[in-house]
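A.B. asks: My structure is stored as protein_4.pdb, with PDB, C-alpha atoms.
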```pdb
ATOM      1  CA  MET A   1     103.329 251.744 -74.973  1.00  0.00           C
ATOM      2  CA  SER A   2     105.271 248.590 -74.075  1.00  0.00           C
ATOM      3  CA  LEU A   3     106.277 246.725 -77.194  1.00  0.00           C
ATOM      4  CA  PHE A   4     108.596 243.799 -77.826  1.00  0.00           C
ATOM      5  CA  PHE A   5     108.951 241.677 -80.967  1.00  0.00           C
ATOM      6  CA  VAL A   6     109.567 237.972 -80.632  1.00  0.00           C
ATOM      7  CA  HIS A   7     110.332 237.124 -84.275  1.00  0.00           C
ATOM      8  CA  ASP A   8     106.930 237.621 -85.922  1.00  0.00           C
ATOM      9  CA  HIS A   9     105.031 237.749 -82.638  1.00  0.00           C
ATOM     10  CA  THR A  10     104.432 240.822 -80.538  1.00  0.00           C
ATOM     11  CA  ILE A  11     104.018 241.485 -76.833  1.00  0.00           C
ATOM     12  CA  ILE A  12     102.113 244.730 -76.382  1.00  0.00           C
ATOM     13  CA  ASP A  13     100.591 246.648 -73.495  1.00  0.00           C
ATOM     14  CA  ILE A  14      97.244 245.008 -72.825  1.00  0.00           C
ATOM     15  CA  ASN A  15      95.628 248.393 -72.170  1.00  0.00           C
ATOM     16  CA  THR A  16      96.456 249.623 -75.676  1.00  0.00           C
ATOM     17  CA  ALA A  17      95.863 246.385 -77.557  1.00  0.00           C
ATOM     18  CA  ASN A  18      93.334 246.587 -80.362  1.00  0.00           C
ATOM     19  CA  GLU A  19      94.158 244.547 -83.442  1.00  0.00           C
ATOM     20  CA  PHE A  20      96.529 242.425 -81.421  1.00  0.00           C
ATOM     21  CA  GLN A  21      95.047 239.771 -79.181  1.00  0.00           C
ATOM     22  CA  VAL A  22      97.119 239.565 -76.054  1.00  0.00           C
ATOM     23  CA  LYS A  23      96.321 238.005 -72.717  1.00  0.00           C
ATOM     24  CA  GLU A  24      98.675 238.117 -69.748  1.00  0.00           C
ATOM     25  CA  ASP A  25      98.336 235.457 -67.074  1.00  0.00           C
ATOM     26  CA  THR A  26     100.845 235.716 -64.195  1.00  0.00           C
ATOM     27  CA  ASP A  27     104.182 235.108 -65.919  1.00  0.00           C
ATOM     28  CA  HIS A  28     102.690 233.599 -69.086  1.00  0.00           C
ATOM     29  CA  VAL A  29     101.826 235.736 -72.085  1.00  0.00           C
ATOM     30  CA  ILE A  30      99.640 234.396 -74.888  1.00  0.00           C
ATOM     31  CA  VAL A  31     100.420 236.110 -78.163  1.00  0.00           C
ATOM     32  CA  LYS A  32      98.679 236.018 -81.518  1.00  0.00           C
ATOM     33  CA  GLY A  33     100.903 235.973 -84.584  1.00  0.00           C
ATOM     34  CA  VAL A  34     101.362 239.236 -86.467  1.00  0.00           C
ATOM     35  CA  ASP A  35     101.857 239.305 -90.232  1.00  0.00           C
ATOM     36  CA  SER A  36     105.360 240.264 -91.301  1.00  0.00           C
ATOM     37  CA  ILE A  37     107.102 240.744 -94.635  1.00  0.00           C
ATOM     38  CA  ILE A  38     110.056 238.788 -93.236  1.00  0.00           C
ATOM     39  CA  SER A  39     109.520 235.191 -92.250  1.00  0.00           C
ATOM     40  CA  ASN A  40     110.091 233.940 -88.737  1.00  0.00           C
ATOM     41  CA  GLU A  41     113.005 231.796 -89.889  1.00  0.00           C
ATOM     42  CA  VAL A  42     114.802 234.661 -91.646  1.00  0.00           C
ATOM     43  CA  VAL A  43     114.515 236.916 -88.587  1.00  0.00           C
ATOM     44  CA  PHE A  44     115.761 234.087 -86.399  1.00  0.00           C
ATOM     45  CA  TRP A  45     118.896 233.469 -88.472  1.00  0.00           C
ATOM     46  CA  ILE A  46     119.686 237.165 -88.847  1.00  0.00           C
ATOM     47  CA  GLY A  47     119.648 237.507 -85.069  1.00  0.00           C
ATOM     48  CA  ALA A  48     121.596 234.283 -84.604  1.00  0.00           C
ATOM     49  CA  ILE A  49     124.358 235.331 -87.024  1.00  0.00           C
ATOM     50  CA  ALA A  50     124.624 238.774 -85.418  1.00  0.00           C
ATOM     51  CA  ASN A  51     124.665 237.458 -81.843  1.00  0.00           C
ATOM     52  CA  ALA A  52     126.754 234.318 -82.316  1.00  0.00           C
ATOM     53  CA  GLY A  53     129.110 235.587 -85.024  1.00  0.00           C
ATOM     54  CA  LEU A  54     129.360 239.334 -85.546  1.00  0.00           C
ATOM     55  CA  GLN A  55     129.219 240.481 -81.919  1.00  0.00           C
ATOM     56  CA  PRO A  56     131.935 238.053 -80.681  1.00  0.00           C
ATOM     57  CA  LEU A  57     134.073 238.993 -83.710  1.00  0.00           C
ATOM     58  CA  LEU A  58     133.632 242.666 -82.836  1.00  0.00           C
ATOM     59  CA  PHE A  59     134.775 241.924 -79.294  1.00  0.00           C
ATOM     60  CA  ILE A  60     137.759 239.813 -80.406  1.00  0.00           C
ATOM     61  CA  LEU A  61     138.990 242.601 -82.674  1.00  0.00           C
ATOM     62  CA  GLY A  62     137.816 245.578 -80.641  1.00  0.00           C
ATOM     63  CA  ALA A  63     138.918 244.647 -77.129  1.00  0.00           C
ATOM     64  CA  PRO A  64     142.655 244.315 -77.877  1.00  0.00           C
ATOM     65  CA  GLY A  65     142.508 247.400 -80.075  1.00  0.00           C
ATOM     66  CA  ASN A  66     140.932 249.542 -77.360  1.00  0.00           C
ATOM     67  CA  ILE A  67     143.283 248.188 -74.691  1.00  0.00           C
ATOM     68  CA  LEU A  68     146.294 248.958 -76.899  1.00  0.00           C
ATOM     69  CA  CYS A  69     144.944 252.424 -77.701  1.00  0.00           C
ATOM     70  CA  ALA A  70     144.374 253.209 -74.026  1.00  0.00           C
ATOM     71  CA  ALA A  71     147.860 251.968 -73.133  1.00  0.00           C
ATOM     72  CA  VAL A  72     149.543 254.032 -75.869  1.00  0.00           C
ATOM     73  CA  PHE A  73     147.835 257.304 -74.967  1.00  0.00           C
ATOM     74  CA  TYR A  74     148.366 256.670 -71.246  1.00  0.00           C
ATOM     75  CA  LYS A  75     152.079 256.251 -71.934  1.00  0.00           C
ATOM     76  CA  LEU A  76     152.117 259.447 -73.998  1.00  0.00           C
ATOM     77  CA  GLY A  77     150.699 261.250 -70.979  1.00  0.00           C
ATOM     78  CA  LEU A  78     147.243 262.479 -70.070  1.00  0.00           C
ATOM     79  CA  ARG A  79     148.241 266.089 -69.568  1.00  0.00           C
ATOM     80  CA  GLU A  80     147.245 266.853 -73.147  1.00  0.00           C
ATOM     81  CA  ARG A  81     143.488 267.141 -73.705  1.00  0.00           C
ATOM     82  CA  ILE A  82     143.440 265.061 -76.879  1.00  0.00           C
ATOM     83  CA  ASN A  83     145.389 262.242 -75.224  1.00  0.00           C
ATOM     84  CA  LEU A  84     142.971 262.276 -72.316  1.00  0.00           C
ATOM     85  CA  CYS A  85     139.921 262.261 -74.596  1.00  0.00           C
ATOM     86  CA  VAL A  86     141.133 259.386 -76.764  1.00  0.00           C
ATOM     87  CA  PHE A  87     142.166 257.439 -73.653  1.00  0.00           C
ATOM     88  CA  ALA A  88     138.674 257.929 -72.202  1.00  0.00           C
ATOM     89  CA  LEU A  89     137.068 256.961 -75.522  1.00  0.00           C
ATOM     90  CA  ALA A  90     139.063 253.721 -75.638  1.00  0.00           C
ATOM     91  CA  LEU A  91     137.943 252.779 -72.106  1.00  0.00           C
ATOM     92  CA  VAL A  92     134.305 253.617 -72.783  1.00  0.00           C
ATOM     93  CA  ASP A  93     134.312 251.688 -76.072  1.00  0.00           C
ATOM     94  CA  LEU A  94     135.906 248.709 -74.316  1.00  0.00           C
ATOM     95  CA  ALA A  95     133.122 248.720 -71.722  1.00  0.00           C
ATOM     96  CA  THR A  96     130.505 249.027 -74.481  1.00  0.00           C
ATOM     97  CA  ILE A  97     131.662 246.045 -76.536  1.00  0.00           C
ATOM     98  CA  THR A  98     132.207 243.957 -73.385  1.00  0.00           C
ATOM     99  CA  PHE A  99     128.654 244.316 -72.093  1.00  0.00           C
ATOM    100  CA  THR A 100     127.276 244.032 -75.624  1.00  0.00           C
ATOM    101  CA  VAL A 101     129.003 240.704 -76.294  1.00  0.00           C
ATOM    102  CA  PHE A 102     127.779 239.279 -72.981  1.00  0.00           C
ATOM    103  CA  ILE A 103     124.180 240.080 -73.893  1.00  0.00           C
ATOM    104  CA  ALA A 104     124.637 238.878 -77.484  1.00  0.00           C
ATOM    105  CA  VAL A 105     126.172 235.529 -76.515  1.00  0.00           C
ATOM    106  CA  GLU A 106     123.427 235.008 -73.963  1.00  0.00           C
ATOM    107  CA  ALA A 107     120.819 235.689 -76.655  1.00  0.00           C
ATOM    108  CA  ALA A 108     122.577 233.236 -79.006  1.00  0.00           C
ATOM    109  CA  LEU A 109     122.559 230.509 -76.375  1.00  0.00           C
ATOM    110  CA  ARG A 110     118.916 231.230 -75.664  1.00  0.00           C
ATOM    111  CA  ASP A 111     117.893 231.110 -79.336  1.00  0.00           C
ATOM    112  CA  LEU A 112     120.161 228.422 -80.779  1.00  0.00           C
ATOM    113  CA  LEU A 113     120.537 226.016 -77.861  1.00  0.00           C
ATOM    114  CA  GLU A 114     117.285 226.913 -76.091  1.00  0.00           C
ATOM    115  CA  VAL A 115     119.154 227.562 -72.854  1.00  0.00           C
ATOM    116  CA  GLU A 116     117.009 229.551 -70.420  1.00  0.00           C
ATOM    117  CA  LEU A 117     119.354 232.483 -69.814  1.00  0.00           C
ATOM    118  CA  ASN A 118     118.065 235.980 -69.058  1.00  0.00           C
ATOM    119  CA  PHE A 119     120.630 237.185 -66.538  1.00  0.00           C
ATOM    120  CA  PHE A 120     122.629 239.725 -68.532  1.00  0.00           C
ATOM    121  CA  ILE A 121     119.736 241.139 -70.557  1.00  0.00           C
ATOM    122  CA  GLN A 122     117.657 241.548 -67.411  1.00  0.00           C
ATOM    123  CA  TYR A 123     120.265 242.841 -64.957  1.00  0.00           C
ATOM    124  CA  PHE A 124     123.078 244.308 -67.095  1.00  0.00           C
ATOM    125  CA  ILE A 125     121.119 246.288 -69.691  1.00  0.00           C
ATOM    126  CA  GLY A 126     121.944 249.482 -67.798  1.00  0.00           C
ATOM    127  CA  PRO A 127     125.703 249.434 -68.520  1.00  0.00           C
ATOM    128  CA  LEU A 128     124.862 249.601 -72.225  1.00  0.00           C
ATOM    129  CA  GLY A 129     124.631 253.307 -71.437  1.00  0.00           C
ATOM    130  CA  PHE A 130     128.382 253.276 -72.139  1.00  0.00           C
ATOM    131  CA  GLN A 131     127.511 253.390 -75.837  1.00  0.00           C
ATOM    132  CA  TYR A 132     125.850 256.777 -75.299  1.00  0.00           C
ATOM    133  CA  ALA A 133     128.840 257.869 -73.232  1.00  0.00           C
ATOM    134  CA  SER A 134     131.007 256.856 -76.200  1.00  0.00           C
ATOM    135  CA  MET A 135     128.940 259.126 -78.444  1.00  0.00           C
ATOM    136  CA  PHE A 136     129.414 261.987 -75.982  1.00  0.00           C
ATOM    137  CA  VAL A 137     133.193 261.504 -75.776  1.00  0.00           C
ATOM    138  CA  SER A 138     133.421 261.321 -79.589  1.00  0.00           C
ATOM    139  CA  THR A 139     131.454 264.580 -79.818  1.00  0.00           C
ATOM    140  CA  THR A 140     133.719 266.152 -77.199  1.00  0.00           C
ATOM    141  CA  ILE A 141     136.801 265.200 -79.218  1.00  0.00           C
ATOM    142  CA  ALA A 142     135.318 266.634 -82.417  1.00  0.00           C
ATOM    143  CA  CYS A 143     134.346 269.917 -80.716  1.00  0.00           C
ATOM    144  CA  GLU A 144     137.710 270.207 -78.999  1.00  0.00           C
ATOM    145  CA  ARG A 145     139.574 269.707 -82.295  1.00  0.00           C
ATOM    146  CA  CYS A 146     137.401 272.251 -84.077  1.00  0.00           C
ATOM    147  CA  PHE A 147     137.876 274.813 -81.313  1.00  0.00           C
ATOM    148  CA  CYS A 148     141.649 274.293 -81.408  1.00  0.00           C
ATOM    149  CA  VAL A 149     141.729 274.828 -85.176  1.00  0.00           C
ATOM    150  CA  VAL A 150     139.499 277.927 -85.125  1.00  0.00           C
ATOM    151  CA  SER A 151     141.034 279.570 -82.070  1.00  0.00           C
ATOM    152  CA  PRO A 152     144.021 277.657 -80.645  1.00  0.00           C
ATOM    153  CA  PHE A 153     145.016 280.278 -78.070  1.00  0.00           C
ATOM    154  CA  LYS A 154     141.517 280.600 -76.645  1.00  0.00           C
ATOM    155  CA  ALA A 155     141.166 276.834 -76.563  1.00  0.00           C
ATOM    156  CA  GLN A 156     144.382 276.557 -74.556  1.00  0.00           C
ATOM    157  CA  ARG A 157     143.184 279.263 -72.186  1.00  0.00           C
ATOM    158  CA  TYR A 158     139.559 278.209 -71.616  1.00  0.00           C
ATOM    159  CA  ILE A 159     139.606 274.421 -72.007  1.00  0.00           C
ATOM    160  CA  LYS A 160     141.764 272.886 -69.309  1.00  0.00           C
ATOM    161  CA  THR A 161     142.682 269.201 -69.249  1.00  0.00           C
ATOM    162  CA  SER A 162     141.372 268.833 -65.702  1.00  0.00           C
ATOM    163  CA  THR A 163     138.055 270.421 -66.685  1.00  0.00           C
ATOM    164  CA  THR A 164     137.741 268.044 -69.649  1.00  0.00           C
ATOM    165  CA  ALA A 165     138.435 265.048 -67.395  1.00  0.00           C
ATOM    166  CA  VAL A 166     135.781 266.150 -64.909  1.00  0.00           C
ATOM    167  CA  ILE A 167     133.170 266.739 -67.631  1.00  0.00           C
ATOM    168  CA  ILE A 168     133.773 263.341 -69.278  1.00  0.00           C
ATOM    169  CA  THR A 169     133.697 261.520 -65.933  1.00  0.00           C
ATOM    170  CA  VAL A 170     130.551 263.237 -64.660  1.00  0.00           C
ATOM    171  CA  VAL A 171     128.607 262.840 -67.904  1.00  0.00           C
ATOM    172  CA  THR A 172     129.588 259.163 -68.222  1.00  0.00           C
ATOM    173  CA  VAL A 173     128.537 258.427 -64.636  1.00  0.00           C
ATOM    174  CA  VAL A 174     125.236 260.262 -65.122  1.00  0.00           C
ATOM    175  CA  ILE A 175     124.415 258.482 -68.394  1.00  0.00           C
ATOM    176  CA  VAL A 176     125.302 254.985 -67.206  1.00  0.00           C
ATOM    177  CA  GLY A 177     123.750 255.587 -63.802  1.00  0.00           C
ATOM    178  CA  ALA A 178     120.502 256.773 -65.366  1.00  0.00           C
ATOM    179  CA  MET A 179     120.394 253.715 -67.645  1.00  0.00           C
ATOM    180  CA  CYS A 180     120.962 251.408 -64.674  1.00  0.00           C
ATOM    181  CA  ALA A 181     118.354 253.183 -62.554  1.00  0.00           C
ATOM    182  CA  PHE A 182     115.583 253.604 -65.124  1.00  0.00           C
ATOM    183  CA  ASP A 183     116.169 251.228 -68.033  1.00  0.00           C
ATOM    184  CA  GLY A 184     117.418 248.180 -66.149  1.00  0.00           C
ATOM    185  CA  PRO A 185     114.333 247.692 -63.926  1.00  0.00           C
ATOM    186  CA  THR A 186     112.027 247.855 -66.980  1.00  0.00           C
ATOM    187  CA  GLN A 187     113.300 244.485 -68.196  1.00  0.00           C
ATOM    188  CA  LYS A 188     110.991 241.604 -67.304  1.00  0.00           C
ATOM    189  CA  ALA A 189     111.447 237.916 -68.078  1.00  0.00           C
ATOM    190  CA  VAL A 190     108.267 236.144 -69.143  1.00  0.00           C
ATOM    191  CA  THR A 191     107.252 232.915 -70.818  1.00  0.00           C
ATOM    192  CA  VAL A 192     105.689 233.433 -74.223  1.00  0.00           C
ATOM    193  CA  TYR A 193     103.221 230.865 -75.523  1.00  0.00           C
ATOM    194  CA  ASP A 194     102.682 230.488 -79.269  1.00  0.00           C
ATOM    195  CA  PRO A 195      99.339 228.767 -79.904  1.00  0.00           C
ATOM    196  CA  VAL A 196     100.281 228.039 -83.512  1.00  0.00           C
ATOM    197  CA  SER A 197     103.326 225.904 -82.758  1.00  0.00           C
ATOM    198  CA  ASN A 198     102.096 225.022 -79.247  1.00  0.00           C
ATOM    199  CA  THR A 199     105.459 225.970 -77.758  1.00  0.00           C
ATOM    200  CA  THR A 200     106.660 228.262 -74.992  1.00  0.00           C
ATOM    201  CA  LYS A 201     109.813 230.351 -74.813  1.00  0.00           C
ATOM    202  CA  SER A 202     111.404 232.581 -72.206  1.00  0.00           C
ATOM    203  CA  VAL A 203     111.933 236.165 -73.398  1.00  0.00           C
ATOM    204  CA  VAL A 204     112.651 239.572 -71.909  1.00  0.00           C
ATOM    205  CA  TYR A 205     110.515 242.595 -72.770  1.00  0.00           C
ATOM    206  CA  TYR A 206     110.159 246.220 -71.737  1.00  0.00           C
ATOM    207  CA  THR A 207     107.550 247.145 -69.148  1.00  0.00           C
ATOM    208  CA  GLU A 208     106.184 250.677 -68.611  1.00  0.00           C
TER     209      GLU A 208
END
```
Starting from the file, lay out its structure as structure tokens.
C.D. replies:
Amino acid sequence: MSLFFVHDHTIIDINTANEFQVKEDTDHVIVKGVDSIISNEVVFWIGAIANAGLQPLLFILGAPGNILCAAVFYKLGLRERINLCVFALALVDLATITFTVFIAVEAALRDLLEVELNFFIQYFIGPLGFQYASMFVSTTIACERCFCVVSPFKAQRYIKTSTTAVIITVVTVVIVGAMCAFDGPTQKAVTVYDPVSNTTKSVVYYTE
């Protein structure tokens, strides 16, 4: 089922609509308001603070930190598995916060200044797969450390640095590539009409 919340309004697959009254007309979608325990204004400001304040702050603090971390472990040498893993994690996290802040700032401009921007959310949603790659690398580091503690000699024998590099690279490419191939094309920009306020707004929602 396709579902996207626009504050306290909902875009839903017209074939599965029952209590929601939705009508799609070319690139215009008419949506009936849905009751919510949180007001439209509260949801709006929560999103605005997160997109305009918290996400840029995360990037300002996180980008230099990840760059410094990658530089330090690169200088230490990537022949050691742990150095390689942390170096890879820093690069993946840097990519994650970079694409995230682009999408967040675009959303802030769209919501606060009513600028019609849908470029990053529509065409760069796929690279957000780096966040899942970050989870995988973090899990790899945890497993590698545990294996080294439990059986250090076997870990040295069976887990080679080159093998670890290949696994991290392949899995990251597969995850991000799959997100770009399957998740990216499901984003569609439409104009939402609210009959209550008699206003229209450009949003992006998931298709099937």
A.B. asks: Pick the closest to Phe119 in chain A from A:Ala155, A:Ala133, A:Ile103, A:Val166: which is it, counting all atoms listed in the file?
C.D. replies: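 The shortest atom-to-atom distance to Phe119 in chain A comes from A:Ile103.
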A.B. asks: With all atoms listed in the file as the basis for distance, which of A:Thr100, A:Leu61, A:Cys143, A:Arg157 is at the shortest distance from Ile82 in chain A?
C.D. replies: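 Checking each candidate against Ile82 in chain A, we get A:Cys143 as the closest.
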A.B. asks: Around the point (130.8, 242.1, -79.0), in the coordinates given by the file, pick out the residues reaching within 12 Å, counting all atoms listed in the file, and return them as a list in words.
C.D. replies: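 Output: Ala50, Asn51, Ala52, Gly53, Leu54, Gln55, Pro56, Leu57, Leu58, Phe59, Ile60, Leu61, Gly62, Ala63, Asp93, Leu94, Ala95, Thr96, Ile97, Thr98, Phe99, Thr100, Val101, Phe102, Ile103, Ala104, Val105, Glu106 and Leu128 of chain A.
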A.B. asks: I'd like the interatomic distance between CA of Thr164 in chain A and CA of Arg79 in chain A, to a tenth of an Å.
C.D. replies: 10.7 Å
A.B. asks: Expressed in Å to a single decimal, how great is the separation between CA of Glu144 in chain A and CA of Cys69 in chain A?
C.D. replies: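 Interatomic distance, CA of Glu144 in chain A to CA of Cys69 in chain A: 19.2 Å.
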A.B. asks: Of the candidates A:Val149, A:Val171, A:Ala165, A:Val42, which one gets nearest to Leu78 in chain A if we count all atoms listed in the file?
C.D. replies: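 Closest to Leu78 in chain A of all the choices is A:Ala165.
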A.B. asks: What does the structure give for the distance between CA of Gly126 in chain A and CA of Asp183 in chain A, in Å to one decimal?
C.D. replies: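 Calculated distance between CA of Gly126 in chain A and CA of Asp183 in chain A is 6.0 Å.
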A.B. asks: List every protein, DNA or RNA residue with an atom no more than 10 Å from (118.9, 237.5, -82.6) in the file's coordinates, counting only C-alpha atoms, and format the result as a ChimeraX atom specification.
C.D. replies: /A:6-7,43-52,104-105,107-108,110-112
A.B. asks: Taking all atoms of range 125-138 of chain A that the file lists and extending 6 Å past them on each side, where is the centre of the axis-aligned box and how long are its edges? Answer in Å to one decimal, as JSON.
C.D. replies:
```
{"center_x": 127.3, "center_y": 254.1, "center_z": -73.7, "size_x": 24.3, "size_y": 27.7, "size_z": 23.8}
```
